[in-house]
Protein chains: 2
Amino acid sequence: MARWQPHAPERLVVAALDLFEERGYENTTVIEIAERAGLTKSTFFRHFPDKREVLFGGDAMAGLLAGGIADAPATATPLEAVSHALDAVGQAAFTPERREFSARRRAVIAANPELREREALKGLGLTAAMAEALERRGVPDPASRVAAQLGALVMTLAYERWCDPAEETDFGEAARQALRQVRAATAAS
Amino acid sequence: MARWQPHAPERLVVAALDLFEERGYENTTVIEIAERAGLTKSTFFRHFPDKREVLFGGDAMAGLLAGGIADAPATATPLEAVSHALDAVGQAAFTPERREFSARRRAVIAANPELREREALKGLGLTAAMAEALERRGVPDPASRVAAQLGALVMTLAYERWCDPAEETDFGEAARQALRQVRAATAAS
DNA sequence: ACAGTGATGAGACTTGGTCCCATCACCGTA
DNA sequence: TACGGTGATGGGACCAAGTCTCATCACTGT
């Protein structure tokens, strides 16, 4: 027997997403989220630094991306290393079971400026993590940032497609396709 | 004689930047900013939607960029159109008189996560505005986003250089140089 | 002289977020 | 069985951001 109901963070995330869908992010208070999860405001802020963060799983993604780039073959070009990292991330995080949750989360974020702002910050963090990991492979400064910027776009395109419940494409497959598109478009810029 | 002291928004911006430098963004209240400008909290929120926005001049930049892209010669490639827009923006906004203020503002933003978050959102807005303007020129979807993403990086690199008081480079010149760097790095990705 | 107008001031109110302390259930040890 | 330690939780005071409403004040035009 556990002392308390387990999985408090997960319960808070589910309660928050439900409420945000029902009445919108701005019309939902932290106290209401906590109550639906059978907890209190104090406990909410013990698990999440602020209200927005309940929809953003910390900074695990940046580490996954950096690790995937570091593990890429030494002969890989910068964008190939990013592609390798996207495969790793797809295996670890963008699994089919999470597709429905991610799609709901994506819609809620798109509907609220405050959440879009947090998402923008997370995106910058991922881009910076990719650029830094590329520099540790010996890619010099302007080139590393270019590859990271293009990699971020590839990830966004792949994520959009992966979230679509009508397609049910594998994330790695979506990423490879997006990479081809971006490569082709880059040549014409 | 004016009814009140004129230029209330500008006075608030100056007061805010001064206080943010002196004691940091988090240790400065809106009431303190307003008092230093000879105003009150009510008036502050009448001119700015929130505390962060006092350092971000609305959304004028997005319109400038979109206009510059629309005005580019019809024969210009996507990145050339972006470069044309950066020239226009440099003429209108990144003038030498503003260099010192921009450098101070940049340092304050870099020191605070909340301000960096707002800056990230503004960056997304600029990228979206560039992609949309390119699409109005007939550039199809993936290519427009690639060019906008690379254009955003070019603008960031040029802005970093333009802000440096030791260099005093013209923004348009910095943008052209950054564009050459990004083009060279793109070929090696 | 007088009503209209637009920017400002004042203050109540809600909510996000911080902080401190009490509580409660379990665990290990005597 | 008794007892102190531990870790997650609850409760509530407190501050600042942001909203809203109403009053004020200085000037303008008739």
# chains A, B, ... in the order shown; residues from 1 in each chain; ligands from 1
$ residues_around --residues "segment 5-18 of chain C" --least-positions-apart "4" --cutoff "12 Å" --atoms "only C-alpha atoms (C1' of nucleotides)" --output "ChimeraX atom specification"
/A:26-32,41-42,44-46,48-52 /B:2-8,38-47 /D:13-29
$ select_by_dssp --residues "segment 62-181 of chain B" --states "helix (DSSP H, G or I)" --output "VMD selection string"
chain B and resid 62 to 70 78 to 92 96 to 110 113 to 136 141 to 163 171 to 181
$ write_last_selection --atoms "C-alpha atoms" --output "CSV table (one decimal), in the first residue's frame"
chain,number,residue,atom,x,y,z
B,62,ALA,CA,6.9,42.0,-38.3
B,63,GLY,CA,5.2,44.5,-40.6
B,64,LEU,CA,8.5,46.0,-41.6
B,65,LEU,CA,9.9,42.6,-42.5
B,66,ALA,CA,6.8,41.6,-44.4
B,67,GLY,CA,6.8,44.9,-46.3
B,68,GLY,CA,10.5,44.5,-47.2
B,69,ILE,CA,9.9,41.0,-48.6
B,70,ALA,CA,6.9,42.2,-50.6
B,78,PRO,CA,13.6,33.7,-51.2
B,79,LEU,CA,16.8,34.4,-49.3
B,80,GLU,CA,17.5,37.5,-51.4
B,81,ALA,CA,14.0,38.8,-50.6
B,82,VAL,CA,14.7,38.3,-46.9
B,83,SER,CA,18.0,40.1,-47.3
B,84,HIS,CA,16.1,43.0,-49.0
B,85,ALA,CA,13.8,43.1,-46.0
B,86,LEU,CA,16.7,43.2,-43.6
B,87,ASP,CA,18.1,46.2,-45.4
B,88,ALA,CA,14.7,48.0,-45.0
B,89,VAL,CA,14.5,47.1,-41.3
B,90,GLY,CA,18.1,48.3,-40.8
B,91,GLN,CA,17.2,51.7,-42.3
B,92,ALA,CA,14.1,52.1,-40.3
B,96,PRO,CA,23.2,54.1,-34.9
B,97,GLU,CA,21.4,56.3,-32.3
B,98,ARG,CA,19.6,53.1,-31.1
B,99,ARG,CA,22.7,51.0,-30.8
B,100,GLU,CA,23.5,51.8,-27.2
B,101,PHE,CA,19.9,51.4,-26.0
B,102,SER,CA,19.6,48.1,-27.9
B,103,ALA,CA,22.8,46.8,-26.4
B,104,ARG,CA,21.6,47.6,-22.8
B,105,ARG,CA,18.2,46.0,-23.6
B,106,ARG,CA,19.9,42.9,-25.0
B,107,ALA,CA,22.0,42.4,-21.8
B,108,VAL,CA,18.9,42.8,-19.6
B,109,ILE,CA,16.9,40.3,-21.7
B,110,ALA,CA,19.8,37.8,-21.7
B,113,PRO,CA,14.4,33.8,-18.4
B,114,GLU,CA,11.0,35.5,-18.4
B,115,LEU,CA,12.3,38.1,-20.9
B,116,ARG,CA,14.0,35.5,-23.0
B,117,GLU,CA,10.7,33.7,-23.2
B,118,ARG,CA,9.0,36.8,-24.6
B,119,GLU,CA,11.9,37.3,-27.0
B,120,ALA,CA,11.5,33.7,-28.2
B,121,LEU,CA,7.8,34.4,-28.9
B,122,LYS,CA,8.6,37.5,-30.8
B,123,GLY,CA,11.2,35.6,-32.9
B,124,LEU,CA,8.5,33.0,-33.8
B,125,GLY,CA,6.2,35.9,-34.8
B,126,LEU,CA,8.9,37.4,-37.1
B,127,THR,CA,9.7,34.0,-38.6
B,128,ALA,CA,6.0,33.4,-39.3
B,129,ALA,CA,5.6,36.9,-40.8
B,130,MET,CA,8.6,36.2,-43.1
B,131,ALA,CA,7.2,32.8,-44.2
B,132,GLU,CA,3.8,34.3,-44.9
B,133,ALA,CA,5.2,37.2,-46.9
B,134,LEU,CA,7.3,34.7,-49.0
B,135,GLU,CA,4.2,32.6,-49.7
B,136,ARG,CA,2.5,35.7,-51.0
B,141,ASP,CA,5.1,26.0,-48.0
B,142,PRO,CA,8.2,24.0,-47.1
B,143,ALA,CA,10.5,26.3,-49.0
B,144,SER,CA,9.0,29.4,-47.4
B,145,ARG,CA,9.6,28.1,-43.9
B,146,VAL,CA,13.1,27.1,-44.7
B,147,ALA,CA,14.0,30.5,-46.0
B,148,ALA,CA,12.2,32.2,-43.1
B,149,GLN,CA,14.1,30.0,-40.6
B,150,LEU,CA,17.4,30.8,-42.2
B,151,GLY,CA,16.4,34.5,-42.5
B,152,ALA,CA,15.7,34.6,-38.8
B,153,LEU,CA,19.2,33.2,-38.1
B,154,VAL,CA,20.7,35.8,-40.4
B,155,MET,CA,18.8,38.5,-38.5
B,156,THR,CA,20.0,37.2,-35.2
B,157,LEU,CA,23.6,37.1,-36.3
B,158,ALA,CA,23.4,40.6,-37.7
B,159,TYR,CA,21.7,41.9,-34.6
B,160,GLU,CA,24.4,40.5,-32.4
B,161,ARG,CA,27.1,42.2,-34.4
B,162,TRP,CA,25.3,45.5,-34.8
B,163,CYS,CA,24.8,45.7,-31.0
B,171,PHE,CA,23.1,46.7,-39.8
B,172,GLY,CA,22.7,46.2,-43.5
B,173,GLU,CA,26.4,45.4,-43.9
B,174,ALA,CA,26.2,43.0,-40.9
B,175,ALA,CA,23.2,41.3,-42.5
B,176,ARG,CA,24.9,40.8,-45.8
B,177,GLN,CA,27.9,39.4,-44.1
B,178,ALA,CA,25.8,37.0,-42.0
B,179,LEU,CA,23.9,35.9,-45.1
B,180,ARG,CA,27.2,34.9,-46.8
B,181,GLN,CA,28.2,32.9,-43.7
$ interface_residues --of "chain D" --to "chain A" --cutoff "12 Å" --atoms "only C-alpha atoms (C1' of nucleotides)" --output "list in words"
DG7, DA8, DT9, DG10, DG11 and DG12 of chain D
$ decode --residues "segment 153-180 of chain B" --atoms "C-alpha atoms" --output "short mmCIF file (atom, residue, chain, number, x, y, z; two decimals), in the first residue's frame"
data_model
loop_
_atom_site.label_atom_id
_atom_site.label_comp_id
_atom_site.auth_asym_id
_atom_site.auth_seq_id
_atom_site.Cartn_x
_atom_site.Cartn_y
_atom_site.Cartn_z
CA LEU B 153 19.19 33.21 -38.07
CA VAL B 154 20.71 35.81 -40.39
CA MET B 155 18.84 38.54 -38.54
CA THR B 156 19.99 37.21 -35.17
CA LEU B 157 23.63 37.08 -36.26
CA ALA B 158 23.44 40.58 -37.74
CA TYR B 159 21.73 41.95 -34.64
CA GLU B 160 24.40 40.48 -32.38
CA ARG B 161 27.10 42.16 -34.42
CA TRP B 162 25.26 45.46 -34.80
CA CYS B 163 24.75 45.70 -31.03
CA ASP B 164 28.47 45.41 -30.35
CA PRO B 165 29.61 48.97 -29.52
CA ALA B 166 33.22 48.13 -30.39
CA GLU B 167 32.39 47.41 -34.03
CA GLU B 168 29.82 50.06 -34.96
CA THR B 169 28.99 48.20 -38.14
CA ASP B 170 25.99 49.19 -40.24
CA PHE B 171 23.14 46.73 -39.81
CA GLY B 172 22.67 46.20 -43.53
CA GLU B 173 26.37 45.41 -43.87
CA ALA B 174 26.22 43.00 -40.94
CA ALA B 175 23.19 41.31 -42.49
CA ARG B 176 24.89 40.83 -45.85
CA GLN B 177 27.92 39.35 -44.14
CA ALA B 178 25.76 37.03 -42.03
CA LEU B 179 23.89 35.94 -45.13
CA ARG B 180 27.16 34.93 -46.81
#
